[in-house]
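Student: One structure follows; several queries about it will come next.
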Amino acid sequence: MARAALQLGVRELAALAQVSPTTVARLEAGEELKPRTVEAIQRALEEAGVEFIPENGGGAGVRLRKVSGAQPF
């Protein structure tokens, strides 16, 4: 969901996180990865503009970080 919100391909995210595209695909398929690998992917997504929203009764989620100075529509 986070990758789609940023309009990143698997290869693009893999390059940002310095992991292989196969690793990104494994994460998206729900396979268990080493914690440091998951952290690298999460950090890359956050640096690209995603905020991870904690569980609050409605489930965990993601959203794009607000750009400061942006005017609402």
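Identifiers for the structure tokens are assigned positionally: chains receive A, B, ... in sequence, residues are indexed from 1 per chain, and ligands are indexed from 1 in the order shown.
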For stretch 26-38 of chain A, work out the shell of residues within 10 Å, counting only C-alpha atoms and skipping chain neighbours fewer than 5 positions away, then give it as a list in words.
Tutor: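 Residues meeting the cut-off are Met1, Arg3, Val10, Ala17, Gln18, Val19, Ser20, Pro21, Arg43 and Ala44 of chain A.
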Student: Considering only C-alpha atoms, return as a VMD selection string whatever protein or nucleic-acid residues lie within 8 Å of A:Ala2, sequence-local ones (same chain, fewer than 4 positions apart) excluded.
Tutor: chain A and resid 6 45 50 62 to 63
Student: As a VMD selection string, please: the residues near A:Glu46 (cut-off 10 Å, only C-alpha atoms, same-chain neighbours under 4 positions excluded).
Tutor: chain A and resid 2 40 to 42 50 to 52 62 64 to 65
Student: Can you check which residues of chain A DSSP gives as alpha helix (DSSP H) on the backbone and send them as JSON, numbers by chain?
Tutor: {"A": [2, 3, 4, 5, 10, 11, 12, 13, 14, 15, 16, 17, 21, 22, 23, 24, 25, 26, 27, 28, 35, 36, 37, 38, 39, 40, 41, 42, 43, 44, 45, 46, 47]}
Student: Could you please determine the separation between atom CA of A:Leu8 and atom CA of A:Gly49 in Å, to one decimal place?
Tutor: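 Rounded to one decimal, the two atoms are 11.5 Å apart.
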Student: In Å to one decimal, how far is atom CA of A:Gly61 from atom CA of A:Ala48?
Tutor: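 These atoms are spaced 16.1 Å apart.
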Student: Using DSSP on the backbone coordinates, identify the residues of stretch 8-53 of chain A assigned to strand (DSSP E); present them as a PyMOL selection string.
Tutor: chain A and resi 50-53
